[in-house]
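final_26.txt (compact mmCIF, C-alpha atoms)
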```
# COMPACT_ATOMS: atom_id res chain seq x y z
CA MET A 1 -73.99 34.93 -143.95
CA LEU A 2 -75.91 35.10 -140.69
CA ILE A 3 -79.42 33.74 -140.29
CA ILE A 4 -81.10 33.96 -136.90
CA LYS A 5 -84.38 32.07 -136.61
CA ASP A 6 -86.77 32.39 -133.69
CA LEU A 7 -83.93 32.72 -131.16
CA HIS A 8 -84.87 32.38 -127.49
CA ALA A 9 -82.36 32.88 -124.67
CA SER A 10 -82.40 33.33 -120.93
CA ILE A 11 -80.12 34.25 -118.07
CA GLU A 12 -80.59 32.77 -114.60
CA GLY A 13 -83.95 31.37 -115.65
CA LYS A 14 -85.27 34.69 -116.91
CA GLU A 15 -86.18 34.76 -120.59
CA ILE A 16 -84.67 37.79 -122.34
CA LEU A 17 -84.84 36.93 -126.04
CA LYS A 18 -88.28 35.78 -127.09
CA GLY A 19 -88.00 34.87 -130.74
CA VAL A 20 -85.49 37.02 -132.62
CA ASN A 21 -85.37 36.75 -136.42
CA LEU A 22 -82.62 38.47 -138.37
CA THR A 23 -80.76 37.89 -141.62
CA VAL A 24 -77.48 39.63 -142.39
CA LYS A 25 -75.77 39.51 -145.78
CA PRO A 26 -72.14 40.34 -146.62
CA GLY A 27 -71.49 44.04 -147.07
CA GLU A 28 -74.44 45.11 -144.95
CA VAL A 29 -74.61 47.26 -141.85
CA HIS A 30 -77.48 46.58 -139.47
CA ALA A 31 -78.33 48.83 -136.56
CA ILE A 32 -80.15 47.42 -133.57
CA MET A 33 -81.81 49.99 -131.36
CA GLY A 34 -84.26 49.74 -128.54
CA PRO A 35 -85.01 50.86 -125.00
CA ASN A 36 -82.94 49.69 -122.01
CA GLY A 37 -83.47 46.07 -121.08
CA SER A 38 -84.90 45.07 -124.45
CA GLY A 39 -82.24 42.40 -124.99
CA LYS A 40 -79.70 44.14 -127.25
CA SER A 41 -76.62 43.16 -125.27
CA THR A 42 -78.05 39.70 -124.65
CA LEU A 43 -78.24 39.17 -128.40
CA SER A 44 -74.53 40.01 -128.79
CA ALA A 45 -73.63 37.78 -125.84
CA VAL A 46 -75.61 34.84 -127.24
CA LEU A 47 -74.13 35.19 -130.73
CA THR A 48 -70.60 35.11 -129.29
CA GLY A 49 -71.34 32.21 -126.93
CA ASN A 50 -71.12 33.87 -123.52
CA PRO A 51 -71.66 30.96 -121.06
CA ALA A 52 -73.72 33.13 -118.72
CA TYR A 53 -76.65 32.85 -121.15
CA THR A 54 -78.65 29.77 -122.10
CA VAL A 55 -80.19 29.36 -125.52
CA THR A 56 -83.64 27.89 -125.01
CA GLY A 57 -84.80 27.73 -128.62
CA GLY A 58 -84.21 28.71 -132.22
CA GLU A 59 -81.35 28.45 -134.67
CA VAL A 60 -78.38 30.54 -135.73
CA GLU A 61 -76.59 29.76 -138.95
CA PHE A 62 -73.29 31.40 -139.91
CA TYR A 63 -71.96 30.60 -143.39
CA GLY A 64 -73.91 27.37 -143.30
CA LYS A 65 -72.56 26.27 -139.92
CA ASN A 66 -74.66 25.85 -136.80
CA LEU A 67 -73.18 28.66 -134.74
CA LEU A 68 -74.76 27.58 -131.46
CA GLU A 69 -72.75 24.33 -131.50
CA LEU A 70 -69.39 26.11 -131.65
CA SER A 71 -67.27 27.16 -128.66
CA PRO A 72 -66.74 30.91 -128.15
CA GLU A 73 -63.16 30.66 -129.45
CA ASP A 74 -64.22 28.76 -132.58
CA ARG A 75 -66.88 31.37 -133.28
CA SER A 76 -64.10 33.93 -133.12
CA HIS A 77 -61.97 31.85 -135.50
CA GLU A 78 -64.94 31.61 -137.86
CA GLY A 79 -64.86 35.40 -138.01
CA ILE A 80 -67.24 36.75 -135.39
CA PHE A 81 -65.93 39.71 -133.45
CA LEU A 82 -67.55 41.53 -130.55
CA SER A 83 -66.53 45.03 -129.59
CA PHE A 84 -67.40 44.88 -125.90
CA GLN A 85 -69.57 47.50 -124.25
CA TYR A 86 -67.26 47.25 -121.22
CA PRO A 87 -63.82 46.07 -122.38
CA VAL A 88 -62.19 43.93 -119.70
CA GLU A 89 -58.86 44.80 -118.05
CA ILE A 90 -56.27 42.03 -117.83
CA PRO A 91 -53.44 43.28 -115.59
CA GLY A 92 -49.87 42.46 -116.64
CA VAL A 93 -50.86 40.84 -119.96
CA LEU A 94 -49.22 42.91 -122.69
CA MET A 95 -51.27 43.86 -125.73
CA SER A 96 -48.54 42.52 -128.05
CA ASN A 97 -48.58 39.15 -126.31
CA PHE A 98 -52.38 39.02 -126.17
CA MET A 99 -52.87 39.91 -129.84
CA ARG A 100 -50.11 37.56 -130.98
CA THR A 101 -51.73 34.67 -129.16
CA ALA A 102 -55.12 35.57 -130.65
CA ILE A 103 -53.80 35.83 -134.20
CA ASN A 104 -51.76 32.66 -134.03
CA GLU A 105 -54.66 30.67 -132.57
CA LYS A 106 -56.78 31.80 -135.49
CA ARG A 107 -54.03 30.86 -137.95
CA LYS A 108 -53.74 27.46 -136.32
CA TYR A 109 -57.50 26.96 -136.80
CA GLN A 110 -57.09 27.85 -140.47
CA GLY A 111 -54.16 25.44 -140.80
CA LEU A 112 -51.57 28.20 -141.20
CA GLU A 113 -48.12 28.61 -139.64
CA PRO A 114 -47.76 31.16 -136.82
CA MET A 115 -47.00 34.68 -137.98
CA SER A 116 -43.35 35.77 -137.70
CA ALA A 117 -42.48 38.41 -135.09
CA THR A 118 -41.49 40.95 -137.76
CA ASP A 119 -44.70 40.51 -139.72
CA PHE A 120 -46.71 40.72 -136.53
CA LEU A 121 -45.11 43.97 -135.40
CA LYS A 122 -45.58 45.44 -138.85
CA LEU A 123 -49.25 44.46 -138.83
CA MET A 124 -49.73 45.90 -135.38
CA ARG A 125 -48.12 49.20 -136.42
CA GLU A 126 -50.32 49.42 -139.48
CA LYS A 127 -53.56 48.63 -137.66
CA ARG A 128 -53.10 50.80 -134.60
CA ALA A 129 -52.72 53.81 -136.90
CA ILE A 130 -56.33 53.28 -138.02
CA VAL A 131 -57.58 54.29 -134.58
CA ASP A 132 -54.76 56.69 -133.63
CA LEU A 133 -53.19 54.56 -130.92
CA ASP A 134 -49.49 55.29 -130.34
CA ASN A 135 -46.49 52.96 -130.23
CA LYS A 136 -46.78 52.45 -126.47
CA LEU A 137 -49.80 50.21 -127.13
CA ALA A 138 -47.73 47.04 -127.63
CA SER A 139 -46.15 47.29 -124.20
CA ARG A 140 -49.30 48.25 -122.27
CA ALA A 141 -51.37 45.66 -120.46
CA VAL A 142 -54.77 44.81 -121.99
CA ASN A 143 -57.04 47.78 -121.22
CA GLU A 144 -55.26 48.40 -117.90
CA GLY A 145 -55.17 52.12 -117.16
CA PHE A 146 -56.78 52.92 -120.52
CA SER A 147 -59.19 55.85 -120.63
CA GLY A 148 -62.77 55.15 -121.74
CA GLY A 149 -61.99 56.37 -125.24
CA GLU A 150 -58.77 54.36 -125.47
CA LYS A 151 -60.60 51.19 -124.48
CA LYS A 152 -63.09 51.60 -127.31
CA ARG A 153 -60.33 52.45 -129.79
CA ASN A 154 -58.46 49.37 -128.58
CA GLU A 155 -61.54 47.26 -129.41
CA ILE A 156 -61.56 48.56 -132.97
CA PHE A 157 -57.80 48.01 -133.18
CA GLN A 158 -58.31 44.34 -132.27
CA MET A 159 -61.10 44.14 -134.82
CA ALA A 160 -58.68 45.48 -137.45
CA MET A 161 -56.08 42.88 -136.44
CA LEU A 162 -58.45 39.92 -136.58
CA GLU A 163 -60.28 40.94 -139.79
CA PRO A 164 -63.65 39.43 -138.83
CA ARG A 165 -66.41 38.55 -141.28
CA LEU A 166 -69.06 39.77 -138.86
CA SER A 167 -68.42 42.53 -136.32
CA ILE A 168 -70.84 43.29 -133.55
CA LEU A 169 -70.36 46.70 -131.98
CA ASP A 170 -72.09 46.73 -128.61
CA GLU A 171 -72.67 50.34 -127.63
CA THR A 172 -69.26 51.28 -128.90
CA ASP A 173 -70.39 54.90 -128.79
CA SER A 174 -71.21 54.97 -125.08
CA GLY A 175 -68.86 57.15 -123.06
CA LEU A 176 -67.14 58.65 -126.10
CA ASP A 177 -66.72 62.33 -126.81
CA ILE A 178 -67.35 63.61 -130.34
CA ASP A 179 -63.71 63.35 -131.45
CA ALA A 180 -63.26 59.82 -130.15
CA LEU A 181 -66.60 58.86 -131.70
CA ARG A 182 -65.40 60.10 -135.06
CA THR A 183 -62.08 58.23 -134.74
CA VAL A 184 -63.86 55.00 -133.85
CA ALA A 185 -66.45 55.39 -136.59
CA ASN A 186 -63.79 56.20 -139.21
CA GLY A 187 -61.92 53.09 -138.11
CA VAL A 188 -65.03 50.96 -138.56
CA ASN A 189 -65.76 52.49 -141.96
CA ARG A 190 -62.22 51.84 -143.18
CA LEU A 191 -62.56 48.17 -142.24
CA LYS A 192 -65.84 47.79 -144.10
CA SER A 193 -65.80 45.74 -147.31
CA ALA A 194 -68.17 43.88 -149.59
CA ASP A 195 -67.31 40.63 -147.79
CA ASN A 196 -67.87 41.59 -144.17
CA ALA A 197 -70.88 42.81 -142.27
CA THR A 198 -71.47 44.88 -139.15
CA ILE A 199 -74.16 44.87 -136.50
CA VAL A 200 -74.23 48.13 -134.59
CA ILE A 201 -76.01 48.11 -131.26
CA THR A 202 -76.71 51.61 -130.06
CA HIS A 203 -79.05 53.85 -128.13
CA TYR A 204 -78.42 56.92 -130.16
CA GLN A 205 -78.76 57.99 -133.74
CA ARG A 206 -75.47 59.95 -133.32
CA LEU A 207 -73.22 57.01 -134.20
CA LEU A 208 -75.36 56.24 -137.26
CA ASP A 209 -74.50 59.66 -138.68
CA TYR A 210 -71.00 58.27 -139.13
CA ILE A 211 -71.69 54.58 -139.73
CA LYS A 212 -74.52 54.43 -142.26
CA PRO A 213 -76.82 51.47 -141.67
CA ASP A 214 -78.65 49.62 -144.44
CA GLN A 215 -81.33 48.48 -142.04
CA VAL A 216 -82.45 49.66 -138.62
CA HIS A 217 -84.20 47.24 -136.27
CA VAL A 218 -86.02 47.99 -133.08
CA LEU A 219 -85.66 45.35 -130.40
CA TYR A 220 -88.30 45.51 -127.70
CA LYS A 221 -89.16 42.91 -125.07
CA GLY A 222 -86.86 40.35 -126.69
CA ARG A 223 -88.26 40.63 -130.21
CA ILE A 224 -87.55 42.70 -133.29
CA VAL A 225 -90.78 44.64 -133.53
CA MET A 226 -89.93 47.03 -136.36
CA THR A 227 -87.46 47.21 -139.25
CA GLY A 228 -86.78 50.13 -141.54
CA GLY A 229 -84.13 52.15 -143.33
CA PRO A 230 -81.84 54.81 -141.83
CA GLU A 231 -84.84 57.15 -141.58
CA LEU A 232 -86.26 54.96 -138.79
CA ALA A 233 -83.31 55.89 -136.56
CA LEU A 234 -84.02 59.58 -137.13
CA GLU A 235 -87.69 59.06 -136.33
CA LEU A 236 -86.77 57.29 -133.08
CA GLU A 237 -84.41 60.09 -132.14
CA GLU A 238 -87.26 62.54 -132.52
CA LYS A 239 -90.18 60.60 -131.09
CA GLY A 240 -88.59 58.16 -128.64
CA TYR A 241 -89.81 54.60 -128.22
CA ASP A 242 -93.24 55.21 -126.66
CA TRP A 243 -95.18 55.08 -129.93
CA ILE A 244 -93.62 51.70 -130.72
CA LYS A 245 -94.34 50.39 -127.23
CA GLU A 246 -97.98 51.43 -127.64
CA GLN A 247 -98.27 49.58 -130.94
CA VAL A 248 -96.75 46.42 -129.47
CA ASP A 249 -98.31 46.29 -126.01
CA MET B 1 -30.57 47.38 -100.01
CA GLY B 2 -32.32 44.03 -99.78
CA GLU B 3 -34.71 42.62 -102.36
CA PHE B 4 -36.88 39.52 -102.28
CA TYR B 5 -39.13 38.47 -105.13
CA SER B 6 -41.15 35.28 -105.21
CA VAL B 7 -43.87 33.46 -107.11
CA ALA B 8 -45.47 30.44 -105.47
CA LEU B 9 -47.96 28.21 -107.28
CA THR B 10 -50.00 25.55 -105.53
CA ARG B 11 -52.52 23.15 -107.08
CA ASN B 12 -54.53 19.99 -106.35
CA TYR B 13 -54.41 19.48 -102.56
CA GLN B 14 -51.02 21.09 -102.04
CA MET B 15 -50.40 23.33 -99.08
CA ALA B 16 -47.53 25.77 -99.27
CA ASP B 17 -46.22 27.83 -96.40
CA THR B 18 -43.51 30.09 -97.70
CA GLY B 19 -42.10 33.46 -96.91
CA THR B 20 -39.10 35.54 -96.05
CA LYS B 21 -37.36 37.41 -93.28
CA MET B 22 -35.92 40.83 -93.84
CA ILE B 23 -33.78 42.06 -90.97
CA HIS B 24 -32.50 45.61 -90.98
CA LEU B 25 -29.34 46.09 -88.88
CA GLY B 26 -27.68 49.01 -90.62
CA LYS B 27 -28.81 52.61 -90.55
CA ASN B 28 -30.58 53.92 -93.65
CA SER B 29 -30.97 50.42 -95.09
CA ARG B 30 -33.75 49.71 -97.55
CA SER B 31 -35.62 46.62 -98.65
CA THR B 32 -38.39 45.50 -100.99
CA ILE B 33 -40.41 42.31 -100.86
CA VAL B 34 -42.78 41.30 -103.66
CA SER B 35 -44.52 37.99 -103.16
CA LYS B 36 -47.07 36.56 -105.59
CA GLY B 37 -49.10 33.53 -104.64
CA ILE B 38 -51.26 31.55 -107.07
CA SER B 39 -53.68 28.92 -105.76
CA ALA B 40 -55.48 26.41 -107.98
CA GLY B 41 -57.69 23.40 -107.27
CA HIS B 42 -58.12 22.72 -103.56
CA SER B 43 -54.76 24.14 -102.55
CA GLU B 44 -53.87 26.56 -99.78
CA ASN B 45 -51.07 29.07 -100.22
CA SER B 46 -49.67 30.90 -97.20
CA TYR B 47 -47.16 33.69 -97.07
CA ARG B 48 -45.30 34.48 -93.84
CA GLY B 49 -43.16 37.55 -93.82
CA MET B 50 -41.12 39.01 -91.05
CA VAL B 51 -39.66 42.45 -91.28
CA ARG B 52 -37.50 43.42 -88.29
CA VAL B 53 -35.76 46.74 -87.81
CA ALA B 54 -33.13 46.76 -85.03
CA PRO B 55 -33.25 49.65 -82.52
CA ASN B 56 -29.99 51.09 -83.84
CA ALA B 57 -30.99 50.82 -87.48
CA THR B 58 -32.55 54.24 -87.85
CA ASN B 59 -34.18 55.70 -90.95
CA CYS B 60 -34.84 52.32 -92.54
CA ARG B 61 -37.40 51.75 -95.23
CA ASN B 62 -39.24 48.57 -96.17
CA TYR B 63 -41.94 48.04 -98.73
CA THR B 64 -43.77 44.73 -98.87
CA GLN B 65 -46.31 43.77 -101.50
CA CYS B 66 -48.08 40.50 -101.09
CA ASP B 67 -50.59 39.50 -103.79
CA SER B 68 -52.70 36.39 -104.05
CA LEU B 69 -54.53 35.07 -107.08
CA LEU B 70 -57.20 32.40 -106.73
CA LEU B 71 -58.00 30.19 -109.70
CA SER B 72 -60.87 28.26 -108.12
CA ASP B 73 -63.61 28.60 -105.52
CA THR B 74 -62.04 25.87 -103.43
CA SER B 75 -58.54 27.32 -103.11
CA GLY B 76 -57.31 29.65 -100.42
CA ALA B 77 -54.64 32.24 -99.75
CA HIS B 78 -53.34 33.46 -96.40
CA THR B 79 -50.93 36.20 -95.43
CA PHE B 80 -49.19 36.44 -92.06
CA PRO B 81 -47.09 39.57 -91.83
CA VAL B 82 -44.94 40.14 -88.74
CA ILE B 83 -43.49 43.58 -88.34
CA GLU B 84 -41.10 44.53 -85.52
CA VAL B 85 -39.69 48.00 -85.59
CA GLY B 86 -37.22 49.09 -82.87
CA ASN B 87 -37.13 52.80 -83.59
CA ASP B 88 -39.50 55.48 -84.73
CA SER B 89 -37.54 56.91 -87.65
CA SER B 90 -38.11 53.91 -89.89
CA ILE B 91 -40.99 53.30 -92.25
CA VAL B 92 -42.36 49.83 -92.92
CA GLU B 93 -45.17 49.31 -95.40
CA HIS B 94 -47.21 46.19 -96.10
CA GLU B 95 -49.68 45.98 -98.95
CA ALA B 96 -51.74 42.89 -99.69
CA THR B 97 -54.30 42.05 -102.35
CA THR B 98 -56.36 39.00 -103.18
CA SER B 99 -58.01 38.57 -106.54
CA LYS B 100 -59.74 35.85 -108.45
CA ILE B 101 -59.55 35.22 -112.18
CA ASN B 102 -62.96 36.26 -113.30
CA GLU B 103 -65.22 34.86 -115.97
CA ASP B 104 -65.32 38.17 -117.82
CA GLN B 105 -61.56 38.05 -118.37
CA ILE B 106 -61.76 34.47 -119.61
CA PHE B 107 -64.67 35.22 -121.93
CA TYR B 108 -62.90 38.28 -123.30
CA CYS B 109 -59.96 36.03 -124.25
CA ASN B 110 -62.32 33.36 -125.65
CA GLN B 111 -64.01 35.96 -127.83
CA ARG B 112 -60.63 36.85 -129.29
CA GLY B 113 -60.08 33.19 -130.16
CA ILE B 114 -57.98 32.18 -127.14
CA SER B 115 -58.99 28.94 -125.41
CA THR B 116 -59.75 28.95 -121.70
CA GLU B 117 -56.57 27.05 -120.84
CA ASP B 118 -54.38 29.47 -122.80
CA ALA B 119 -56.29 32.40 -121.32
CA VAL B 120 -55.55 31.26 -117.77
CA GLY B 121 -51.88 30.85 -118.71
CA LEU B 122 -51.78 34.39 -120.10
CA ILE B 123 -53.57 35.89 -117.11
CA VAL B 124 -51.38 34.09 -114.56
CA ASN B 125 -48.19 35.06 -116.36
CA GLY B 126 -49.43 38.63 -116.55
CA TYR B 127 -50.10 38.58 -112.86
CA ALA B 128 -46.58 37.31 -112.11
CA ARG B 129 -44.97 39.75 -114.52
CA ASP B 130 -43.74 42.18 -111.82
CA VAL B 131 -41.59 39.39 -110.43
CA MET B 132 -40.72 37.69 -113.73
CA LYS B 133 -39.26 40.83 -115.22
CA LYS B 134 -36.76 40.98 -112.34
CA LEU B 135 -35.35 37.59 -113.34
CA PRO B 136 -32.51 37.09 -115.82
CA MET B 137 -33.98 36.57 -119.30
CA GLU B 138 -33.18 32.86 -119.73
CA PHE B 139 -34.57 32.03 -116.33
CA ALA B 140 -37.67 34.15 -116.86
CA VAL B 141 -38.50 32.25 -120.05
CA GLU B 142 -37.99 28.98 -118.20
CA ALA B 143 -40.10 30.14 -115.26
CA GLN B 144 -42.89 31.26 -117.55
CA ARG B 145 -43.02 27.83 -119.24
CA LEU B 146 -42.95 26.15 -115.88
CA LEU B 147 -45.96 28.19 -114.78
CA SER B 148 -47.92 27.25 -117.92
CA VAL B 149 -47.04 23.56 -117.61
CA SER B 150 -47.94 23.48 -113.93
CA LEU B 151 -51.30 25.01 -114.73
CA GLU B 152 -52.29 22.39 -117.29
CA GLY B 153 -55.54 20.79 -116.33
CA SER B 154 -55.84 22.76 -113.12
CA VAL B 155 -58.63 24.97 -114.37
CA GLY B 156 -62.25 24.07 -114.30
```
Take the structure from the file and write it as structure tokens.
Amino acid sequence: MLIIKDLHASIEGKEILKGVNLTVKPGEVHAIMGPNGSGKSTLSAVLTGNPAYTVTGGEVEFYGKNLLELSPEDRSHEGIFLSFQYPVEIPGVLMSNFMRTAINEKRKYQGLEPMSATDFLKLMREKRAIVDLDNKLASRAVNEGFSGGEKKRNEIFQMAMLEPRLSILDETDSGLDIDALRTVANGVNRLKSADNATIVITHYQRLLDYIKPDQVHVLYKGRIVMTGGPELALELEEKGYDWIKEQVD
Amino acid sequence: MGEFYSVALTRNYQMADTGTKMIHLGKNSRSTIVSKGISAGHSENSYRGMVRVAPNATNCRNYTQCDSLLLSDTSGAHTFPVIEVGNDSSIVEHEATTSKINEDQIFYCNQRGISTEDAVGLIVNGYARDVMKKLPMEFAVEAQRLLSVSLEGSVG
């Protein structure tokens, strides 16, 4: 579904990604690990079309379409979802209103009629239960006054609502206690199917205890320098990144 | 008990100079002012507010909240509060904020499939919500549409 070829990207003239290659197939879970500043968050920003970054080379294909040509909102409509590392607060904008706009925009893109209010509320009730958010959610402003854990659960809730084909979880585990981590991970696992795929960006093996990856990649200095199975994450947890850095440098 | 709620939107090269006067003459009287300014394009939005408490009007209470939202780098917002209090048993409060729609908010909406124009509409309506929810329902719906229409093409 997703083929990244020799992707280069920079921010403010500084090159961060220096030739990333990655292929993701439906049903797979890929973990991307790596030391701070290796380009993990940049990769998620570039895939979702964040205008702060400039693509300077390479190709990204998503279900046969040239992803880099699409606007951020069309990428979303095509089924790419990013769970933000730092979810943004939008004061006064109610979650119900926000989600309804998002869903109906996607339906419009697919040539469907807007969803009725009853169906929407039913869907919202069903999906918020997946991450244990209560019925006040609909009438709260987007992430405003949410605790760190609630923000991350709210990301997974939105993911459940939009049913993406590819979900990118950018350090969804950061700032979560064990219980919240489990709730979030269970939510992600329940949404997993043979048709969708997940890219998990994380620093710690901890999250991967709950969300089992098929492949683990190490991103270092803007390149994927090593790929392995789940055992690679355990090895990294034990030995750190120094041995990889030595091999590469 | 006096209440004043306002939303003022300026765009292009408009200059708006709006505001209110709240004069307390009776003892123990109370008032609230909530003013929301939105500036787009090259516009300048000014709020002038006078709160006067007469010497005989003891134990009065006023709360003023004056918020400004900038939609562009070239727009401006100004607040000119005038407070005259004739006795020392009254309490007058003035709170002001200025904020700018930021790119992170827009991108967050984009990522969820909402276009930039719709995102700005949502964010502005969210910002004006405190005032909008005080309006009668029919008028609030109308006012919300008016805001969205007025914003068309004013973002960039």
Distance filter 8 Å, all atoms listed in the file, chain B against chain A, as a ChimeraX atom specification: /B:104-105,107-108,110-115,122-123,125-130
Exercise: region 182-190 of chain A partners within 7 Å, all atoms listed in the file, chain neighbours under 3 positions left out, as an MDAnalysis selection string: chainID A and resid 130:131 153 156 178:179 210:211
Next, dump the selected residues to file, keeping only C-alpha atoms, as a compact mmCIF listing (two decimals), in the coordinates of the input.
```txt
# COMPACT_ATOMS: atom_id res chain seq x y z
CA ILE A 130 -56.33 53.28 -138.02
CA VAL A 131 -57.58 54.29 -134.58
CA ARG A 153 -60.33 52.45 -129.79
CA ILE A 156 -61.56 48.56 -132.97
CA ILE A 178 -67.35 63.61 -130.34
CA ASP A 179 -63.71 63.35 -131.45
CA TYR A 210 -71.00 58.27 -139.13
CA ILE A 211 -71.69 54.58 -139.73
```
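Take the candidates B:Asn28, B:Phe4, B:Lys36, B:Arg48 and check each one against Val124 (chain B) using all atoms listed in the file; the shortest distance goes to B:Lys36.
Counting all atoms listed in the file, the residue from A:Leu70, A:Ala9, A:Met95, A:Val216 that sits nearest to Met124 (chain A) is A:Met95.
The space between CA of Asp88 (chain B) and CA of Gly2 (chain B) spans 20.2 Å.
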Around region 56-75 of chain B, with edges along x, y and z and 3 Å added on all six sides, what centre and edge lengths do you get, in Å to one decimal, as lines of an AutoDock Vina configuration file?
```
center_x = -46.8
center_y = 40.8
center_z = -96.8
size_x = 39.6
size_y = 35.8
size_z = 31.9
```
Closest of B:Ala96, B:Met22, B:Val7, B:Val82 to Ser39 (chain B) - atom-to-atom distances counting all atoms listed in the file: B:Val7
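The coordinates place CA of Val60 (chain A) at 15.2 Å from CA of Arg223 (chain A).
Put simply, CA of Ser75 (chain B) is 9.3 Å away from CA of Ile38 (chain B).
Among the candidates B:Ser43, B:Thr79, B:Thr74, B:Thr97, the one nearest to Arg11 (chain B) when counting all atoms listed in the file is B:Ser43.
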